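Visitor: Below is the file query31.txt, with compact mmCIF, C-alpha atoms.
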```txt
# COMPACT_ATOMS: atom_id res chain seq x y z
CA MET A 1 -9.88 -13.65 9.68
CA GLN A 2 -10.95 -10.07 10.30
CA VAL A 3 -8.61 -7.59 11.99
CA GLY A 4 -5.74 -10.01 11.55
CA HIS A 5 -5.68 -9.21 7.84
CA VAL A 6 -4.15 -5.84 8.73
CA ALA A 7 -1.25 -7.54 10.51
CA LEU A 8 -0.84 -10.10 7.75
CA ALA A 9 -0.76 -7.42 5.05
CA GLY A 10 1.81 -5.46 7.04
CA THR A 11 3.92 -8.59 7.47
CA ILE A 12 3.79 -9.33 3.72
CA ALA A 13 4.80 -5.73 2.98
CA SER A 14 7.77 -6.16 5.32
CA PHE A 15 9.03 -8.89 3.00
CA ALA A 16 8.52 -6.78 -0.15
CA PRO A 17 12.26 -6.46 -0.98
CA GLN A 18 12.69 -10.24 -0.88
CA ILE A 19 9.50 -10.92 -2.86
CA THR A 20 10.27 -8.41 -5.61
CA ALA A 21 13.90 -9.57 -5.81
CA ALA A 22 12.75 -13.16 -6.25
CA VAL A 23 10.96 -12.27 -9.49
CA GLY A 24 13.62 -9.81 -10.62
CA GLY A 25 11.18 -6.93 -10.54
CA PRO A 26 12.05 -3.25 -10.17
CA LYS A 27 12.71 -1.86 -6.71
CA ILE A 28 9.72 -0.21 -5.10
CA THR A 29 9.49 2.11 -2.12
CA GLY A 30 8.18 0.99 1.25
CA TRP A 31 5.02 3.07 0.93
CA GLU A 32 4.39 1.70 -2.57
CA ALA A 33 4.80 -1.83 -1.26
CA LEU A 34 2.40 -1.12 1.60
CA ALA A 35 -0.20 0.33 -0.78
CA VAL A 36 0.02 -2.54 -3.28
CA VAL A 37 -0.05 -5.21 -0.58
CA PHE A 38 -2.95 -3.69 1.34
CA VAL A 39 -5.08 -3.18 -1.78
CA ALA A 40 -4.29 -6.67 -3.11
CA HIS A 41 -4.77 -8.29 0.27
CA TYR A 42 -8.16 -6.68 0.82
CA LEU A 43 -9.31 -7.06 -2.79
CA PRO A 44 -11.10 -10.42 -2.22
CA ASN A 45 -13.18 -8.85 0.54
CA PHE A 46 -14.41 -6.10 -1.76
CA ASP A 47 -17.05 -8.65 -2.77
CA VAL A 48 -18.99 -7.25 0.19
CA ILE A 49 -19.63 -4.05 -1.80
CA PRO A 50 -22.08 -5.58 -4.33
CA ILE A 51 -23.72 -7.42 -1.43
CA LYS A 52 -24.20 -4.18 0.50
CA LEU A 53 -25.58 -2.55 -2.65
CA LYS A 54 -28.05 -5.48 -2.94
CA TRP A 55 -26.63 -6.41 -6.32
CA ALA A 56 -25.56 -9.84 -5.08
CA PRO A 57 -26.78 -12.29 -2.42
CA ASP A 58 -24.89 -12.79 0.84
CA ARG A 59 -23.53 -16.04 -0.53
CA PHE A 60 -21.49 -14.07 -3.07
CA HIS A 61 -19.00 -13.41 -0.25
CA CYS A 62 -16.07 -15.81 -0.35
CA SER A 63 -16.94 -17.05 -3.82
CA TYR A 64 -15.23 -15.97 -7.07
CA SER A 65 -13.02 -13.40 -5.37
CA HIS A 66 -11.58 -16.15 -3.20
CA SER A 67 -10.53 -18.43 -6.04
CA LEU A 68 -7.11 -19.20 -7.45
CA LEU A 69 -8.30 -18.01 -10.85
CA PHE A 70 -9.04 -14.57 -9.39
CA ALA A 71 -5.55 -14.40 -7.88
CA ALA A 72 -4.00 -15.41 -11.19
CA ALA A 73 -6.13 -12.86 -13.09
CA VAL A 74 -5.07 -10.01 -10.79
CA ALA A 75 -1.40 -10.98 -11.05
CA LEU A 76 -1.62 -11.29 -14.85
CA ALA A 77 -3.32 -7.91 -15.12
CA LEU A 78 -0.54 -6.27 -13.07
CA TRP A 79 2.37 -8.12 -14.70
CA PRO A 80 2.68 -5.81 -17.78
CA ILE A 81 2.39 -2.73 -15.56
CA ASN A 82 4.90 -3.69 -12.88
CA VAL A 83 6.33 -7.14 -12.20
CA SER A 84 6.97 -6.28 -8.56
CA TRP A 85 3.35 -5.26 -8.06
CA ALA A 86 2.21 -8.53 -9.65
CA ALA A 87 4.47 -10.56 -7.36
CA LEU A 88 3.31 -8.72 -4.25
CA ALA A 89 -0.31 -9.05 -5.34
CA ILE A 90 -0.21 -12.81 -5.87
CA VAL A 91 1.55 -13.38 -2.54
CA SER A 92 -0.96 -11.09 -0.80
CA LEU A 93 -3.93 -12.82 -2.39
CA LEU A 94 -2.71 -16.34 -1.70
CA LEU A 95 -1.96 -15.49 1.91
CA HIS A 96 -5.40 -13.90 2.20
CA PHE A 97 -6.87 -17.24 1.12
CA ALA A 98 -4.62 -19.11 3.56
CA ALA A 99 -5.72 -16.81 6.39
CA ASP A 100 -9.40 -17.33 5.56
CA MET A 101 -9.02 -21.09 5.27
CA GLY A 102 -9.69 -21.55 8.97
CA SER A 103 -13.21 -20.23 8.57
CA SER A 104 -16.05 -22.72 8.35
CA VAL A 105 -17.51 -21.01 5.27
CA GLY A 106 -14.72 -22.55 3.23
CA LEU A 107 -13.07 -21.17 0.13
CA PRO A 108 -14.06 -22.30 -3.38
CA LEU A 109 -10.46 -22.13 -4.56
CA LEU A 110 -11.11 -24.04 -7.76
CA LEU A 111 -14.02 -21.96 -9.04
CA PRO A 112 -15.29 -21.96 -11.77
CA PHE A 113 -14.04 -25.51 -12.38
CA SER A 114 -15.26 -26.92 -9.09
CA ARG A 115 -17.62 -25.65 -6.41
CA ARG A 116 -15.84 -27.61 -3.71
CA ARG A 117 -15.03 -25.49 -0.68
CA PHE A 118 -11.85 -25.93 1.31
CA SER A 119 -11.77 -25.24 5.04
CA LEU A 120 -9.78 -26.15 8.12
CA TYR A 121 -12.84 -25.53 10.35
CA LEU A 122 -10.87 -23.71 13.03
CA TRP A 123 -13.66 -21.22 13.69
CA ALA A 124 -17.27 -20.77 12.67
CA ASP A 125 -17.96 -18.11 10.09
CA THR A 126 -20.66 -15.73 11.32
CA GLY A 127 -21.22 -13.50 8.33
CA HIS A 128 -19.35 -11.13 6.07
CA SER A 129 -19.79 -7.86 7.94
CA GLY A 130 -21.48 -6.12 10.83
CA TRP A 131 -21.09 -5.96 14.57
CA PHE A 132 -22.50 -9.43 15.22
CA ALA A 133 -20.06 -11.06 12.79
CA PHE A 134 -17.21 -9.19 14.45
CA LYS A 135 -18.22 -9.93 18.03
CA SER A 136 -19.04 -13.59 17.48
CA THR A 137 -15.78 -14.20 15.64
CA TYR A 138 -13.84 -13.12 18.70
CA GLU A 139 -15.84 -15.36 21.00
CA GLN A 140 -13.90 -18.25 19.47
CA ALA A 141 -10.46 -19.31 20.60
CA CYS A 142 -8.76 -19.97 17.28
CA THR A 143 -9.38 -16.47 15.96
CA TRP A 144 -7.43 -15.04 18.89
CA ILE A 145 -4.61 -17.49 18.32
CA THR A 146 -4.29 -16.85 14.59
CA GLU A 147 -5.01 -13.13 14.52
CA GLY A 148 -3.21 -12.31 17.76
CA GLY A 149 -0.31 -14.38 16.51
CA MET A 150 -0.24 -12.34 13.30
CA PHE A 151 0.07 -9.10 15.26
CA LEU A 152 2.94 -10.60 17.23
CA VAL A 153 4.66 -11.63 13.99
CA LEU A 154 4.15 -8.11 12.61
CA ALA A 155 5.69 -6.64 15.76
CA VAL A 156 8.68 -8.94 15.38
CA ARG A 157 9.12 -7.89 11.75
CA CYS A 158 8.89 -4.22 12.70
CA TYR A 159 11.53 -4.77 15.37
CA GLN A 160 13.78 -6.64 12.94
CA LEU A 161 13.44 -3.83 10.40
CA GLY A 162 14.10 -1.20 13.03
CA VAL A 163 10.80 0.61 12.64
CA TRP A 164 9.33 -0.46 16.00
CA PRO A 165 9.53 -0.12 18.94
CA LEU A 166 10.77 3.46 18.68
CA ARG A 167 13.40 4.46 21.19
CA MET B 1 -17.00 -14.81 26.45
CA PHE B 2 -15.46 -16.74 29.36
CA GLU B 3 -17.10 -19.31 31.57
CA TYR B 4 -14.12 -19.79 33.83
CA ARG B 5 -12.82 -16.79 35.73
CA ARG B 6 -9.33 -18.22 35.40
CA THR B 7 -9.29 -17.95 31.58
CA PRO B 8 -7.97 -14.36 31.25
CA TYR B 9 -5.50 -14.96 34.11
CA LEU B 10 -4.27 -18.15 32.53
CA ALA B 11 -3.71 -16.09 29.39
CA ILE B 12 -1.35 -13.83 31.34
CA LEU B 13 0.74 -16.89 32.20
CA TYR B 14 0.71 -18.16 28.62
CA GLY B 15 1.46 -14.65 27.37
CA ALA B 16 4.48 -14.45 29.64
CA VAL B 17 5.79 -17.74 28.24
CA ILE B 18 5.15 -16.70 24.62
CA GLY B 19 6.59 -13.23 25.20
CA THR B 20 9.72 -14.62 26.85
CA ALA B 21 10.21 -17.09 24.00
CA VAL B 22 9.68 -14.45 21.32
CA ILE B 23 12.07 -12.00 22.97
CA ALA B 24 14.69 -14.71 23.45
CA LEU B 25 14.38 -15.67 19.79
CA VAL B 26 14.35 -12.27 18.12
CA GLU B 27 16.21 -9.83 20.37
CA MET B 28 19.35 -8.58 18.67
CA PRO B 29 22.45 -8.09 20.85
CA ALA B 30 23.15 -4.86 18.98
CA ARG B 31 19.68 -3.51 19.76
CA PRO B 32 18.69 -4.79 23.20
CA LEU B 33 15.09 -4.14 24.20
CA THR B 34 14.34 -1.72 27.01
CA PRO B 35 11.91 -2.88 29.73
CA VAL B 36 9.14 -0.81 28.11
CA GLN B 37 9.78 -2.34 24.70
CA SER B 38 9.82 -5.82 26.22
CA GLY B 39 6.54 -4.95 27.92
CA LEU B 40 5.01 -4.14 24.54
CA PHE B 41 6.01 -7.58 23.27
CA TYR B 42 4.46 -9.19 26.36
CA LEU B 43 1.31 -7.16 25.78
CA LEU B 44 1.04 -8.37 22.19
CA SER B 45 1.79 -11.93 23.31
CA TYR B 46 -1.35 -11.74 25.42
CA LEU B 47 -3.51 -11.82 22.26
CA PRO B 48 -2.64 -15.33 21.05
CA ALA B 49 -2.26 -16.41 24.67
CA LEU B 50 -5.88 -15.46 25.28
CA GLY B 51 -6.88 -17.76 22.44
CA LEU B 52 -4.81 -20.58 23.91
CA SER B 53 -6.44 -20.20 27.30
CA MET B 54 -9.88 -20.00 25.64
CA LEU B 55 -9.27 -23.47 24.18
CA SER B 56 -9.97 -24.90 27.63
CA ASP B 57 -12.97 -22.64 28.27
CA PRO B 58 -16.40 -24.19 27.57
CA ALA B 59 -17.92 -20.83 26.57
CA SER B 60 -15.63 -20.58 23.56
CA LYS B 61 -16.32 -24.18 22.53
CA ARG B 62 -20.06 -23.68 22.96
CA ALA B 63 -20.04 -20.49 20.88
CA ARG B 64 -18.15 -22.21 18.07
CA ALA B 65 -20.44 -25.25 18.13
CA GLU B 66 -23.54 -23.05 18.12
CA TYR B 67 -22.36 -20.85 15.24
CA MET B 68 -21.30 -23.89 13.25
CA LYS B 69 -24.94 -24.97 13.11
CA ILE B 70 -26.09 -21.71 11.56
CA ASP B 71 -25.76 -20.79 7.91
CA PHE B 72 -25.22 -17.04 8.06
CA TYR B 73 -25.29 -16.82 4.28
CA ALA B 74 -28.70 -18.37 3.80
CA PRO B 75 -31.17 -16.20 1.86
CA LYS B 76 -33.16 -14.31 4.48
CA ASN B 77 -36.54 -14.57 2.73
CA ASN B 78 -36.91 -18.34 2.65
CA ALA B 79 -35.49 -19.32 6.00
CA GLY B 80 -36.17 -18.39 9.58
CA ALA B 81 -33.64 -16.20 11.30
CA GLY B 82 -30.63 -18.23 12.24
CA GLU B 83 -31.93 -21.37 10.57
CA PRO B 84 -30.00 -23.00 7.76
CA ALA B 85 -31.76 -22.82 4.42
CA ALA B 86 -32.78 -26.15 2.95
CA GLY B 87 -29.90 -27.55 0.95
CA ALA B 88 -27.79 -24.49 1.66
CA PRO B 89 -24.26 -25.29 0.56
CA ARG B 90 -21.84 -25.12 3.43
CA ALA B 91 -18.24 -26.10 3.45
CA SER B 92 -19.06 -29.09 5.60
CA GLN B 93 -21.52 -30.38 3.02
CA GLU B 94 -19.69 -29.60 -0.18
CA GLY B 95 -16.30 -30.97 0.60
CA ARG B 96 -14.31 -31.29 3.75
CA THR B 97 -10.61 -31.32 3.22
CA ALA B 98 -9.19 -31.28 6.68
```
Turn this file's structure into structure tokens for me.
Guide:
Amino acid sequence: MQVGHVALAGTIASFAPQITAAVGGPKITGWEALAVVFVAHYLPNFDVIPIKLKWAPDRFHCSYSHSLLFAAAVALALWPINVSWAALAIVSLLLHFAADMGSSVGLPLLLPFSRRRFSLYLWADTGHSGWFAFKSTYEQACTWITEGGMFLVLAVRCYQLGVWPLR
Amino acid sequence: MFEYRRTPYLAILYGAVIGTAVIALVEMPARPLTPVQSGLFYLLSYLPALGLSMLSDPASKRARAEYMKIDFYAPKNNAGAGEPAAGAPRASQEGRTA
């Protein structure tokens, strides 16, 4: 998933009151929720930075940062700071993994215990960044269904919350 | 992107169905949607609808099948452009789960 991550992160943020209440965390503002969710949701894809800096091979993308251990580590690191942030982060990370599961590259969710990659093979992965990766992703049907669907869900959430469409 | 000319037009039809269903499901009686607001929902419905109509388009299937053969994460120095590296781990080789 590429652009669809924006819609998914926005949708997760729209459920922030319910998520934070479920763990009994402190109330957070809408902007705070948006910031935490967006950073946490995009965190796994920051593995592109060392690749771009030539510190890691291309194959580093969708590896350790897309594992359950990484999600747990981020949540555990945030837990002492703010329980609500930790809850939002783990939900954001797990839904990031779920959104990427359709890609043929597969996610090594069990790293470092197993190198097995999990994928639903809905669309072919065509690289971690760049115009070709972007263009070729949207030549495939399932990306439009999943990502377009996410934007529709986000629009519904915005309507339900009264923030869109503006009158 | 499309082999059939009908694909984007078929998406309009699918989008109308999806948009109608979404509006029927989520519209609140206390906050009825104006025609413009409904139009925005129909416009957004076109995105997944385009994907649905692309499912029956050979160009989309061909693109997916072609890209599936290529390992885009193979080291560039020991493999030809677009060719899978020998023994390159891909999801399909390491463990298919679905």
Visitor: Report as a list in words all protein, DNA and RNA residues lying within 10 Å of Trp144 (chain A), evaluated on all atoms listed in the file, omitting residues in the same chain fewer than 4 positions from it.
Guide: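 The residues that qualify are Met1, Gly4, Thr137, Tyr138, Glu139, Gln140, Gly148, Gly149 and Met150 of chain A; Tyr46, Leu47, Pro48, Ala49, Leu50, Gly51, Leu52, Ser53 and Met54 of chain B.
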Visitor: Set the cut-off to 6 Å and count all atoms listed in the file: what are the residues of chain A that reach chain B? Output as number ranges by chain.
Guide: A: 58-59, 105-106, 116-118, 120, 124, 126-127, 139-142, 144-145, 148-149, 152
Visitor: Given the selection you just returned, output its residues as a file containing C-alpha atoms, formatted as a short mmCIF file (atom, residue, chain, number, x, y, z; two decimals), in the frame of the given file.
Guide:
```
data_model
loop_
_atom_site.label_atom_id
_atom_site.label_comp_id
_atom_site.auth_asym_id
_atom_site.auth_seq_id
_atom_site.Cartn_x
_atom_site.Cartn_y
_atom_site.Cartn_z
CA ASP A 58 -24.89 -12.79 0.84
CA ARG A 59 -23.53 -16.04 -0.53
CA VAL A 105 -17.51 -21.01 5.27
CA GLY A 106 -14.72 -22.55 3.23
CA ARG A 116 -15.84 -27.61 -3.71
CA ARG A 117 -15.03 -25.49 -0.68
CA PHE A 118 -11.85 -25.93 1.31
CA LEU A 120 -9.78 -26.15 8.12
CA ALA A 124 -17.27 -20.77 12.67
CA THR A 126 -20.66 -15.73 11.32
CA GLY A 127 -21.22 -13.50 8.33
CA GLU A 139 -15.84 -15.36 21.00
CA GLN A 140 -13.90 -18.25 19.47
CA ALA A 141 -10.46 -19.31 20.60
CA CYS A 142 -8.76 -19.97 17.28
CA TRP A 144 -7.43 -15.04 18.89
CA ILE A 145 -4.61 -17.49 18.32
CA GLY A 148 -3.21 -12.31 17.76
CA GLY A 149 -0.31 -14.38 16.51
CA LEU A 152 2.94 -10.60 17.23
#
```
Visitor: Fewer than 2 positions away in the same chain doesn't count, so skip those; otherwise give me all residues within 8 Å of Leu69 (chain A), counting all atoms listed in the file, as a list in words.
Guide: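 Near neighbours after the sequence-gap exclusion: Ser67, Ala71, Ala72, Ala73, Leu109, Leu110 and Leu111 of chain A.
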Visitor: Quote the spacing between CA of Val48 (chain A) and CA of Ala7 (chain A) in Å to one decimal place.
Guide: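 Computing the Euclidean distance for CA of Val48 (chain A) and CA of Ala7 (chain A) yields 20.5 Å.
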Visitor: To one decimal place in Å, what is the distance between CA of Phe15 (chain A) and CA of Val91 (chain A)?
Guide: 10.3 Å
Visitor: State, in Å with one decimal place, the distance from CA of Thr146 (chain A) to CA of Leu122 (chain A).
Guide: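 Going from CA of Thr146 (chain A) over to CA of Leu122 (chain A) covers 9.6 Å.
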Visitor: Would you mind listing what lies within 6 Å of region 28-44 of chain A as a PDB file with C-alpha atoms, in the frame of the given file, with only C-alpha atoms counted and same-chain residues fewer than 6 positions away left out?
Guide:
```pdb
ATOM      1  CA  ALA A   9      -0.760  -7.420   5.050  1.00  0.00           C
ATOM      2  CA  ALA A  13       4.800  -5.730   2.980  1.00  0.00           C
ATOM      3  CA  SER A  65     -13.020 -13.400  -5.370  1.00  0.00           C
ATOM      4  CA  HIS A  66     -11.580 -16.150  -3.200  1.00  0.00           C
ATOM      5  CA  ALA A  89      -0.310  -9.050  -5.340  1.00  0.00           C
ATOM      6  CA  SER A  92      -0.960 -11.090  -0.800  1.00  0.00           C
ATOM      7  CA  LEU A  93      -3.930 -12.820  -2.390  1.00  0.00           C
ATOM      8  CA  HIS A  96      -5.400 -13.900   2.200  1.00  0.00           C
TER       9      HIS A  96
END
```
Visitor: Quick one: what's the axis-aligned box for region 3-11 of chain B, all listed atoms, 4 Å on every side, centre and edges in Å to one decimal, as AutoDock Vina command-line options?
Guide:
```
--center_x -10.4 --center_y -17.1 --center_z 32.6 --size_x 21.4 --size_y 13.4 --size_z 14.3
```
Visitor: Using all atoms listed in the file, find the one residue out of A:Pro108, A:Leu68, A:Gln160, A:Leu76 that sits nearest to Leu95 (chain A).
Guide: A:Leu68
Visitor: Taking only C-alpha atoms into account, which of A:Ala16, A:Ala98, A:Cys62, A:Leu53 comes nearest Ser84 (chain A)?
Guide: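 Checking each candidate against Ser84 (chain A), we get A:Ala16 as the closest.
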Visitor: Find the residue from A:Ser63, A:Ile90, A:Tyr121, A:Arg157 that sits nearest to Ala75 (chain A); use only C-alpha atoms when measuring.
Guide: A:Ile90
